[in-house]
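Visitor: File input.txt follows (compact mmCIF, C-alpha atoms):
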```
# COMPACT_ATOMS: atom_id res chain seq x y z
CA MET A 276 92.07 99.20 59.71
CA ILE A 277 94.84 101.45 58.43
CA SER A 278 93.72 104.81 57.09
CA PHE A 279 95.71 107.38 55.15
CA THR A 280 93.13 110.07 55.88
CA PRO A 281 94.55 113.14 57.70
CA LYS A 282 93.26 113.60 61.20
CA ARG A 283 91.44 116.68 62.48
CA ASN A 284 93.71 119.61 63.39
CA GLY A 285 96.77 117.69 62.18
CA ALA A 286 96.66 115.17 65.02
CA VAL A 287 98.04 111.72 64.32
CA ARG A 288 97.33 108.41 65.96
CA GLU A 289 100.38 107.12 67.78
CA ASP A 290 101.17 103.65 68.97
CA ALA A 291 101.61 103.29 72.69
CA LEU A 292 105.37 102.96 72.40
CA ASP A 293 105.87 105.50 69.59
CA ARG A 294 106.51 109.19 69.46
CA PRO A 295 106.18 111.60 66.53
CA LEU A 296 109.21 112.51 64.42
CA TYR A 297 109.25 115.97 66.01
CA LEU A 298 109.76 116.83 69.67
CA PRO A 299 107.03 118.79 71.44
CA ARG A 300 107.89 122.13 72.94
CA PRO A 301 108.64 122.11 76.68
CA VAL A 302 105.55 122.77 78.75
CA GLY A 303 105.62 124.30 82.20
CA ARG A 304 108.45 125.80 84.21
CA PRO A 305 112.04 124.68 83.73
CA PRO A 306 113.52 122.38 86.41
CA GLU A 307 115.07 123.88 89.50
CA GLY A 308 118.82 124.28 89.60
CA PRO A 309 121.60 126.41 88.14
CA ALA A 310 120.60 127.94 84.83
CA LEU A 311 122.79 128.86 81.89
CA ILE A 312 121.94 132.19 80.32
CA GLY A 313 121.41 131.96 76.55
CA PRO A 314 123.17 134.08 73.95
CA TYR A 315 120.30 136.58 73.99
CA PRO A 316 119.15 138.34 77.19
CA GLU A 317 115.47 137.77 76.49
CA GLN A 318 116.03 134.00 76.67
CA GLY A 319 116.71 134.24 80.37
CA GLN A 320 116.78 130.96 82.21
CA HIS A 321 115.34 129.15 79.19
CA GLY A 322 118.62 129.56 77.33
CA ASN A 323 119.98 126.34 78.81
CA GLN A 324 117.21 124.41 77.04
CA LEU A 325 117.32 126.14 73.67
CA TRP A 326 120.30 124.48 71.98
CA PRO A 327 119.79 120.94 73.37
CA SER A 328 116.19 121.13 72.22
CA ARG A 329 117.23 122.28 68.77
CA LEU A 330 119.87 119.57 68.51
CA ALA A 331 117.34 116.94 69.55
CA ARG A 332 114.92 118.17 66.90
CA LEU A 333 117.65 118.16 64.27
CA ARG A 334 118.53 114.58 65.18
CA MET A 335 114.89 113.60 64.84
CA LEU A 336 114.58 115.35 61.50
CA ALA A 337 117.82 113.83 60.20
CA GLN A 338 116.89 110.23 61.01
CA PRO A 339 115.17 109.42 57.65
CA ALA A 340 118.14 110.84 55.73
CA VAL A 341 120.61 108.88 57.84
CA ILE A 342 118.64 105.67 57.28
CA VAL A 343 118.49 106.21 53.52
CA VAL A 344 122.18 107.10 53.15
CA THR A 345 123.25 104.15 55.31
CA ILE A 346 121.16 101.67 53.32
CA ARG A 347 122.41 103.12 50.03
CA ALA A 348 126.02 102.72 51.18
CA LEU A 349 125.38 99.13 52.27
CA GLY A 350 123.67 98.40 48.97
CA LEU A 351 126.63 99.66 46.97
CA LEU A 352 129.02 97.68 49.16
CA ALA A 353 126.96 94.51 48.63
CA ALA A 354 126.87 95.06 44.87
CA TRP A 355 130.62 95.70 44.70
CA VAL A 356 131.38 92.57 46.73
CA MET A 357 129.02 90.47 44.60
CA CYS A 358 130.65 91.75 41.41
CA ALA A 359 134.13 91.05 42.78
CA VAL A 360 133.19 87.50 43.78
CA ASN A 361 131.80 86.86 40.29
CA HIS A 362 134.80 88.53 38.61
CA ARG A 363 132.66 91.17 36.98
CA PRO A 364 133.45 94.89 36.85
CA PHE A 365 131.15 97.07 38.89
CA ASP A 366 129.60 99.48 36.40
CA PHE A 367 127.29 102.33 37.36
CA GLN A 368 126.18 102.53 33.73
CA ALA A 369 124.93 98.94 33.55
CA TRP A 370 121.86 98.19 31.46
CA ASP A 371 119.47 101.14 31.13
CA GLY A 372 121.88 103.46 32.93
CA TYR A 373 123.76 103.70 29.62
CA PHE A 374 120.69 105.10 27.89
CA TYR A 375 119.80 107.60 30.62
CA LEU A 376 123.35 108.98 30.75
CA GLY A 377 123.47 109.08 26.96
CA MET A 378 120.20 111.00 26.85
CA ALA A 379 121.54 113.45 29.45
CA ASP A 380 124.65 113.94 27.32
CA TYR A 381 123.30 114.29 23.79
CA GLY A 382 119.56 113.66 23.80
CA TYR A 383 117.80 110.91 21.90
CA SER A 384 120.20 110.90 18.95
CA GLY A 385 123.80 109.80 18.65
CA PHE A 386 123.57 106.37 20.27
CA ASP A 387 125.77 103.56 19.01
CA PRO A 388 123.75 101.63 16.38
CA SER A 389 124.85 98.37 18.06
CA VAL A 390 122.61 99.13 21.05
CA THR A 391 119.60 100.57 19.22
CA TYR A 392 117.95 97.48 17.78
CA ASP A 393 114.59 95.75 17.90
CA LEU A 394 113.62 92.23 18.94
CA GLN A 395 114.80 90.84 15.60
CA GLY A 396 118.21 92.50 15.95
CA ASN A 397 117.52 95.11 13.27
CA TYR A 398 118.71 98.70 13.63
CA PHE A 399 115.98 100.75 15.29
CA PRO A 400 117.00 104.38 15.89
CA TYR A 401 113.83 105.21 17.84
CA ALA A 402 114.49 102.62 20.57
CA PRO A 403 115.86 105.24 23.05
CA MET A 404 112.46 106.97 22.97
CA ALA A 405 111.16 104.15 25.18
CA PHE A 406 112.93 105.96 28.05
CA PHE A 407 111.15 109.01 29.43
CA PRO A 408 113.12 112.29 29.53
CA GLY A 409 112.43 113.62 33.04
CA TYR A 410 115.42 112.11 34.84
CA PRO A 411 118.05 112.68 32.12
CA LEU A 412 116.75 116.22 31.64
CA ALA A 413 117.25 116.92 35.35
CA VAL A 414 120.76 115.47 35.16
CA ARG A 415 121.58 117.56 32.11
CA LEU A 416 120.35 120.82 33.64
CA LEU A 417 122.06 120.25 36.99
CA GLY A 418 125.21 119.10 35.20
CA LEU A 419 125.66 122.25 33.10
CA PRO A 420 128.22 123.72 35.54
CA PHE A 421 130.02 120.33 35.71
CA SER A 422 130.51 119.49 32.04
CA GLY A 423 132.06 116.06 31.57
CA HIS A 424 130.99 114.73 34.97
CA LEU A 425 127.42 113.69 34.22
CA LEU A 426 127.83 110.33 35.96
CA ALA A 427 128.64 112.03 39.27
CA VAL A 428 125.72 114.42 38.77
CA ALA A 429 123.38 111.53 37.96
CA LEU A 430 124.40 109.61 41.09
CA THR A 431 123.95 112.75 43.18
CA VAL A 432 120.47 113.28 41.72
CA SER A 433 119.56 109.67 42.50
CA LEU A 434 120.82 109.97 46.09
CA ALA A 435 119.05 113.28 46.67
CA ALA A 436 115.85 111.85 45.23
CA SER A 437 116.20 108.80 47.51
CA ILE A 438 116.45 111.07 50.55
CA ALA A 439 113.45 113.13 49.39
CA ALA A 440 111.54 109.88 48.86
CA GLY A 441 112.40 108.82 52.40
CA TYR A 442 110.84 111.95 53.88
CA GLY A 443 107.82 111.60 51.60
CA VAL A 444 107.30 108.01 52.72
CA ALA A 445 107.59 109.08 56.38
CA ARG A 446 105.00 111.80 55.84
CA LEU A 447 102.68 109.37 54.07
CA ALA A 448 103.13 106.85 56.89
CA ARG A 449 102.24 109.56 59.39
CA HIS A 450 98.99 110.15 57.51
CA ALA A 451 98.31 106.42 57.88
CA GLY A 452 98.56 106.72 61.66
CA ALA A 453 102.16 105.56 62.08
CA GLY A 454 104.16 106.73 65.04
CA ARG A 455 107.85 107.50 64.99
CA ARG A 456 108.84 103.83 64.92
CA GLY A 457 106.43 103.04 62.10
CA GLN A 458 107.58 106.01 60.04
CA LEU A 459 111.24 105.07 60.32
CA ALA A 460 110.43 101.43 59.57
CA ALA A 461 108.60 102.53 56.42
CA VAL A 462 111.61 104.60 55.34
CA ALA A 463 113.96 101.65 55.89
CA LEU A 464 111.75 99.11 54.09
CA THR A 465 111.33 101.43 51.11
CA ALA A 466 115.03 102.24 50.88
CA GLY A 467 116.04 98.57 51.18
CA ALA A 468 113.34 96.92 49.07
CA PRO A 469 114.38 94.24 46.56
CA MET A 470 115.98 95.87 43.49
CA SER A 471 116.46 99.14 45.40
CA VAL A 472 120.02 99.03 44.07
CA VAL A 473 118.70 101.13 41.17
CA TYR A 474 118.28 104.00 43.66
CA SER A 475 122.10 104.17 43.62
CA LEU A 476 122.40 104.02 39.82
CA PRO A 477 121.53 106.47 37.02
CA TYR A 478 117.95 105.22 36.93
CA PRO A 479 114.73 107.27 37.37
CA GLU A 480 113.12 105.08 40.06
CA ALA A 481 114.30 107.17 43.03
CA LEU A 482 112.98 110.36 41.43
CA LEU A 483 109.70 108.64 40.54
CA VAL A 484 109.13 107.34 44.08
CA ALA A 485 109.93 110.77 45.54
CA LEU A 486 107.47 112.50 43.20
CA ALA A 487 104.78 109.87 43.77
CA ALA A 488 105.12 109.96 47.56
CA TRP A 489 104.95 113.74 47.84
CA THR A 490 102.15 113.96 45.27
CA LEU A 491 100.06 111.51 47.30
CA VAL A 492 100.83 113.53 50.43
CA ALA A 493 99.64 116.67 48.63
CA VAL A 494 96.42 114.91 47.60
CA LEU A 495 95.70 113.78 51.15
CA GLU A 496 96.39 117.29 52.46
CA HIS A 497 94.31 118.90 49.70
CA ARG A 498 97.24 120.93 48.41
CA TRP A 499 96.22 120.84 44.80
CA THR A 500 98.92 122.92 43.14
CA PRO A 501 101.78 120.66 44.33
CA ALA A 502 99.62 117.61 43.53
CA GLY A 503 99.06 118.66 39.92
CA LEU A 504 102.68 119.69 39.36
CA GLY A 505 103.98 116.51 41.02
CA ALA A 506 101.82 114.30 38.81
CA ALA A 507 102.92 116.20 35.69
CA ALA A 508 106.60 115.86 36.64
CA ALA A 509 106.20 112.16 37.46
CA GLY A 510 104.45 111.61 34.12
CA LEU A 511 107.50 113.06 32.40
CA THR A 512 109.81 110.77 34.38
CA SER A 513 108.50 107.25 33.86
CA PRO A 514 105.58 105.34 32.33
CA MET A 515 105.09 103.85 35.80
CA ALA A 516 103.61 107.21 36.79
CA GLY A 517 100.56 106.30 34.73
CA PRO A 518 98.41 105.28 37.74
CA LEU A 519 99.31 108.46 39.66
CA ILE A 520 97.81 110.81 37.10
CA PRO A 521 94.18 109.58 37.15
CA VAL A 522 94.33 109.41 40.95
CA VAL A 523 95.18 113.12 41.16
CA MET A 524 92.52 113.94 38.57
CA ALA A 525 89.87 111.87 40.35
CA ALA A 526 90.72 113.34 43.76
CA GLY A 527 90.55 116.85 42.29
CA LEU A 528 87.17 116.17 40.72
CA VAL A 529 85.81 114.75 43.99
CA HIS A 530 87.01 117.89 45.76
CA LEU A 531 85.29 120.06 43.16
CA PHE A 532 81.96 118.35 43.78
CA ARG A 533 82.20 118.10 47.57
CA ALA A 534 84.11 121.16 48.79
CA ARG A 535 83.53 124.89 48.52
CA THR A 536 87.10 126.05 49.01
CA HIS A 537 90.23 125.76 46.83
CA ARG A 538 88.07 124.81 43.86
CA ILE A 539 90.20 126.72 41.34
CA ALA A 540 93.39 125.01 42.54
CA ALA A 541 91.70 121.61 42.32
CA ALA A 542 90.49 122.35 38.78
CA VAL A 543 94.00 123.42 37.76
CA ALA A 544 95.43 120.20 39.22
CA VAL A 545 92.96 118.15 37.16
CA VAL A 546 94.12 119.91 33.99
CA VAL A 547 97.86 120.02 34.76
CA ALA A 548 98.33 116.44 36.08
CA PRO A 549 98.31 114.63 32.68
CA LEU A 550 100.30 117.25 30.73
CA GLY A 551 103.75 115.75 31.32
CA MET A 552 102.99 112.25 30.07
CA LEU A 553 100.57 113.33 27.32
CA GLY A 554 103.06 115.90 26.07
CA TYR A 555 105.86 113.35 25.80
CA LEU A 556 103.67 110.71 24.13
CA LEU A 557 102.48 113.27 21.59
CA TRP A 558 106.07 114.37 20.89
CA VAL A 559 107.21 110.78 20.32
CA SER A 560 104.34 110.14 17.94
CA LEU A 561 105.09 113.27 15.91
CA VAL A 562 108.87 112.88 15.80
CA SER A 563 109.21 109.14 15.26
CA GLY A 564 106.36 108.48 12.87
CA VAL A 565 106.24 104.91 14.19
CA PRO A 566 102.69 103.49 14.07
CA GLY A 567 101.35 103.57 17.58
CA GLY A 568 103.98 106.09 18.70
CA TYR A 569 105.51 105.23 22.06
CA PHE A 570 103.52 102.02 22.37
CA GLY A 571 104.60 100.89 18.92
CA ILE A 572 108.23 101.55 19.85
CA THR A 573 108.07 99.52 23.06
CA GLU A 574 106.30 96.66 21.32
CA ARG A 575 108.86 96.50 18.49
CA GLY A 576 111.83 96.93 20.81
CA TRP A 577 110.74 94.94 23.87
CA GLY A 578 107.60 93.07 22.87
CA ASN A 579 105.46 95.06 25.30
CA HIS A 580 101.71 95.07 24.84
CA VAL A 581 98.70 94.76 27.12
CA ASP A 582 97.52 91.16 27.40
CA PHE A 583 95.69 91.57 30.75
CA GLY A 584 98.25 89.50 32.62
CA MET A 585 98.17 86.30 30.56
CA THR A 586 101.92 86.29 29.87
CA THR A 587 102.76 87.08 33.50
CA ALA A 588 100.38 84.43 34.85
CA ARG A 589 101.78 81.72 32.59
CA TRP A 590 105.36 82.67 33.45
CA VAL A 591 104.67 82.72 37.21
CA LEU A 592 102.93 79.33 37.10
CA ASP A 593 105.69 77.77 35.03
CA THR A 594 108.44 79.25 37.21
CA LEU A 595 106.94 78.20 40.52
CA THR A 596 106.41 74.63 39.30
CA THR A 597 109.46 73.87 37.15
CA SER A 598 112.27 76.39 37.67
CA ARG A 599 115.39 75.41 39.63
CA GLU A 600 116.93 78.89 39.62
CA VAL A 601 116.76 81.29 42.54
CA PHE A 602 116.14 84.60 40.83
CA PRO A 603 113.08 83.62 38.73
CA VAL A 604 111.48 81.84 41.70
CA LEU A 605 111.93 84.87 43.97
CA THR A 606 110.63 87.17 41.25
CA ALA A 607 107.52 85.03 40.72
CA ALA A 608 106.93 84.79 44.48
CA ALA A 609 107.27 88.57 44.81
CA ILE A 610 104.68 89.15 42.07
CA VAL A 611 102.20 86.80 43.75
CA ALA A 612 102.83 88.32 47.19
CA VAL A 613 102.35 91.88 45.93
CA VAL A 614 99.08 91.03 44.18
CA ILE A 615 97.69 89.38 47.33
CA ALA A 616 98.90 92.24 49.55
CA THR A 617 97.25 94.81 47.27
CA VAL A 618 93.90 93.04 47.43
CA ARG A 619 94.07 92.79 51.22
CA ALA A 620 95.49 96.26 51.92
CA ARG A 621 93.35 98.85 53.66
CA MET A 622 94.22 102.40 52.65
CA SER A 623 92.45 105.61 51.76
CA TRP A 624 91.06 105.38 48.28
CA PRO A 625 93.62 107.65 46.50
CA VAL A 626 96.58 105.68 47.86
CA TRP A 627 94.94 102.31 47.23
CA LEU A 628 93.97 103.25 43.67
CA TYR A 629 97.54 104.35 42.96
CA THR A 630 98.95 101.12 44.42
CA ALA A 631 96.45 98.86 42.66
CA GLY A 632 96.99 100.67 39.38
CA THR A 633 100.75 100.29 39.70
CA VAL A 634 100.51 96.56 40.36
CA ALA A 635 98.01 96.11 37.53
CA LEU A 636 100.30 98.01 35.14
CA VAL A 637 103.22 95.76 36.06
CA VAL A 638 101.25 92.52 35.74
CA ALA A 639 99.05 93.31 32.74
CA HIS A 640 101.71 93.80 30.07
CA SER A 641 103.85 91.27 28.25
CA GLY A 642 107.52 91.61 27.37
CA ILE A 643 110.47 91.21 29.70
CA ILE A 644 109.48 89.53 32.97
CA HIS A 645 112.67 89.61 34.99
CA ASP A 646 112.55 93.38 35.59
CA ARG A 647 109.11 93.27 37.25
CA VAL A 648 110.53 93.54 40.77
CA ARG A 649 112.20 96.82 39.80
CA LEU A 650 108.92 98.14 38.42
CA LEU A 651 107.14 97.11 41.63
CA LEU A 652 109.26 99.59 43.58
CA SER A 653 106.57 102.11 42.65
CA ALA A 654 104.07 100.16 44.80
CA PHE A 655 105.83 101.41 47.95
CA PRO A 656 102.59 102.11 49.92
CA LEU A 657 102.42 98.35 50.55
CA LEU A 658 105.68 98.68 52.48
CA ILE A 659 104.16 101.46 54.56
CA VAL A 660 101.30 99.15 55.54
CA ALA A 661 103.81 96.43 56.47
CA ALA A 662 105.88 98.91 58.50
CA ILE A 663 102.85 100.06 60.49
CA ARG A 664 101.95 96.49 61.34
CA LEU A 665 105.55 95.74 62.35
CA SER A 666 105.67 98.85 64.54
CA ARG A 667 102.92 97.38 66.72
CA ARG A 668 105.29 94.60 67.77
CA ARG A 669 107.95 94.86 70.42
CA GLY A 670 110.79 97.22 69.60
CA ARG A 671 113.39 94.49 69.15
CA THR A 672 111.08 92.47 66.94
CA THR A 673 110.49 95.47 64.69
CA VAL A 674 114.21 96.19 64.40
CA PHE A 675 115.18 92.56 63.70
CA VAL A 676 112.48 92.03 61.06
CA VAL A 677 113.15 95.34 59.30
CA CYS A 678 116.91 94.73 59.28
CA GLY A 679 116.39 91.20 57.94
CA VAL A 680 114.10 92.39 55.15
CA VAL A 681 116.49 95.20 54.21
CA LEU A 682 119.51 92.89 54.11
CA GLY A 683 117.54 90.43 51.98
CA GLY A 684 116.53 93.22 49.62
CA LEU A 685 120.12 94.44 49.30
CA TRP A 686 121.29 90.91 48.54
CA PHE A 687 118.59 90.58 45.89
CA GLY A 688 119.71 93.79 44.19
CA ALA A 689 123.39 92.87 44.30
CA TYR A 690 122.66 89.39 42.93
CA SER A 691 120.54 90.88 40.16
CA LEU A 692 123.28 93.30 39.16
CA ALA A 693 126.23 90.91 39.36
CA VAL A 694 124.87 87.44 38.54
CA TRP A 695 121.53 87.40 36.73
CA PRO A 696 121.40 88.82 33.17
CA SER A 697 118.78 91.35 32.01
CA SER A 698 117.26 91.85 35.45
CA ILE A 699 117.17 95.64 35.66
```
Kindly return the structure encoded in the file as structure tokens.

Guide:
Amino acid sequence: MISFTPKRNGAVREDALDRPLYLPRPVGRPPEGPALIGPYPEQGQHGNQLWPSRLARLRMLAQPAVIVVTIRALGLLAAWVMCAVNHRPFDFQAWDGYFYLGMADYGYSGFDPSVTYDLQGNYFPYAPMAFFPGYPLAVRLLGLPFSGHLLAVALTVSLAASIAAGYGVARLARHAGAGRRGQLAAVALTAGAPMSVVYSLPYPEALLVALAAWTLVAVLEHRWTPAGLGAAAAGLTSPMAGPLIPVVMAAGLVHLFRARTHRIAAAVAVVVAPLGMLGYLLWVSLVSGVPGGYFGITERGWGNHVDFGMTTARWVLDTLTTSREVFPVLTAAAIVAVVIATVRARMSWPVWLYTAGTVALVVAHSGIIHDRVRLLLSAFPLLIVAAIRLSRRRGRTTVFVVCGVVLGGLWFGAYSLAVWPSSI
């Protein structure tokens, strides 16, 4: 059984062949032999071990970042090659990237009327309000010193968020009992998941995963101020943060009833967690005047409404029995696999509730189906569970399987961007 519960005194279960991401301090006397005196006299004979030890620790600490950057570079290369083969220009602003960059540049107004329309093709000026403001706001603020280069700033924000997400996933995997191998496998699987190409585009998914991962870490470590702020920021970034907010609130309330310390911080987290999403939804309702506010906008523009999974179930059944196209079949298979994995997963209750809520949110609404794999990126704890199970295999088996899954995920993203329409 895999548990995300922190261990007593910070100890972590390790597989027999794994080591933690950090190196332990040397214990005992240094080995006999000629010693190199360090740059400071008080280091004495230990000076010859100081810099190698620091370099080794830095290498250990840098491994998640190296994995993420490498996979992002391979993903961009795969997308560029796929676009070239299909004689299509490689465009960082494809699909929703156009809206997020436009919002970073001039807010929710000023969009070309030809792109702001509803399902019937009628002009609908409130359509951009379907996109949450957290990511474009971050791009705008960080891009103030670099006016006119918002695309470069947006790509930098996405890359930085991907790296932060990698370290958050590693920390969350460590709470689940993963050793060094399992943590790095979790980082790789998350960075190379199907549709992870959006982590290299001006999309909010990388920022959302980073905020969700570190917020869950804060909940498990009972650090309530970062948990509340992380949930509020995630709620301002994407509607897919919806399941994270009640998890933080529920965990804070449980702490209030069971613990005698940090009660004020837990109470503040309960209050602060929903403010980001509730504030934006209230603003949309007041400014737009559309009946139903944000939900009315998404229904008119994309046909989204809660039907408890009926549309998704019918589409999956029809696709798996009649479709002869690769992308819909893989998308339907991914939805079925994720639902089954969520039911079977064993996690601590905050992480499982977040994962189950994310999957339910993806499955339960109608509207566009082909972007569901992108939305399922938020269910990354399932990849942590898979990584831990893989890490219990032989080292070569773990490496081969992880590399195969990552390459398959990068192909899926490149194919989605270059070949299949309306996939992201």

Visitor: My list of candidates is A:Val414, A:Val343, A:Ala540, A:Ala461. Which is closest to Pro479 (chain A) when distances are computed with all atoms listed in the file?

Guide: A:Val414

Visitor: Ranking A:Leu351, A:Leu491, A:Ala369, A:Val591 by minimum distance to Ala612 (chain A) and counting only C-alpha atoms, which one comes first?

Guide: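 Checking each of A:Leu351, A:Leu491, A:Ala369, A:Val591 against Ala612 (chain A), counting only C-alpha atoms, the winner is A:Val591.
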
Visitor: Looking at all atoms listed in the file, which of A:Leu486, A:Ala337, A:Ala463, A:Val492 is the one that sits closest to Ala509 (chain A)?

Guide: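 With all atoms listed in the file as the atom set, the closest residue is A:Leu486.
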
Visitor: Give me the residues near region 433-445 of chain A as a ChimeraX atom specification, where near means some atom within 9 Å (using all atoms listed in the file) and where sequence neighbours in that chain fewer than 5 positions away do not count.

Guide: /A:296,339-344,347,428,450,453,455,457-463,465-466,473-492,655-656,659

Visitor: Hey, can I get the axis-aligned box for region 656-672 of chain A? All listed atoms, 4 Å padding on each side, centre and edge lengths in Å to one decimal, as AutoDock Vina command-line options.

Guide:
```
--center_x 107.3 --center_y 97.3 --center_z 60.2 --size_x 20.1 --size_y 17.6 --size_z 28.5
```

Visitor: So what do you get for CA of Leu333 (chain A) versus CA of Ile346 (chain A), distance-wise?

Guide: 20.1 Å

Visitor: Using all atoms listed in the file, can you tell me which of A:Leu592, A:Ala534, A:Val472, A:Leu330 comes closest to Trp355 (chain A)?

Guide: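 Of A:Leu592, A:Ala534, A:Val472, A:Leu330, the one nearest Trp355 (chain A), counting all atoms listed in the file, is A:Val472.
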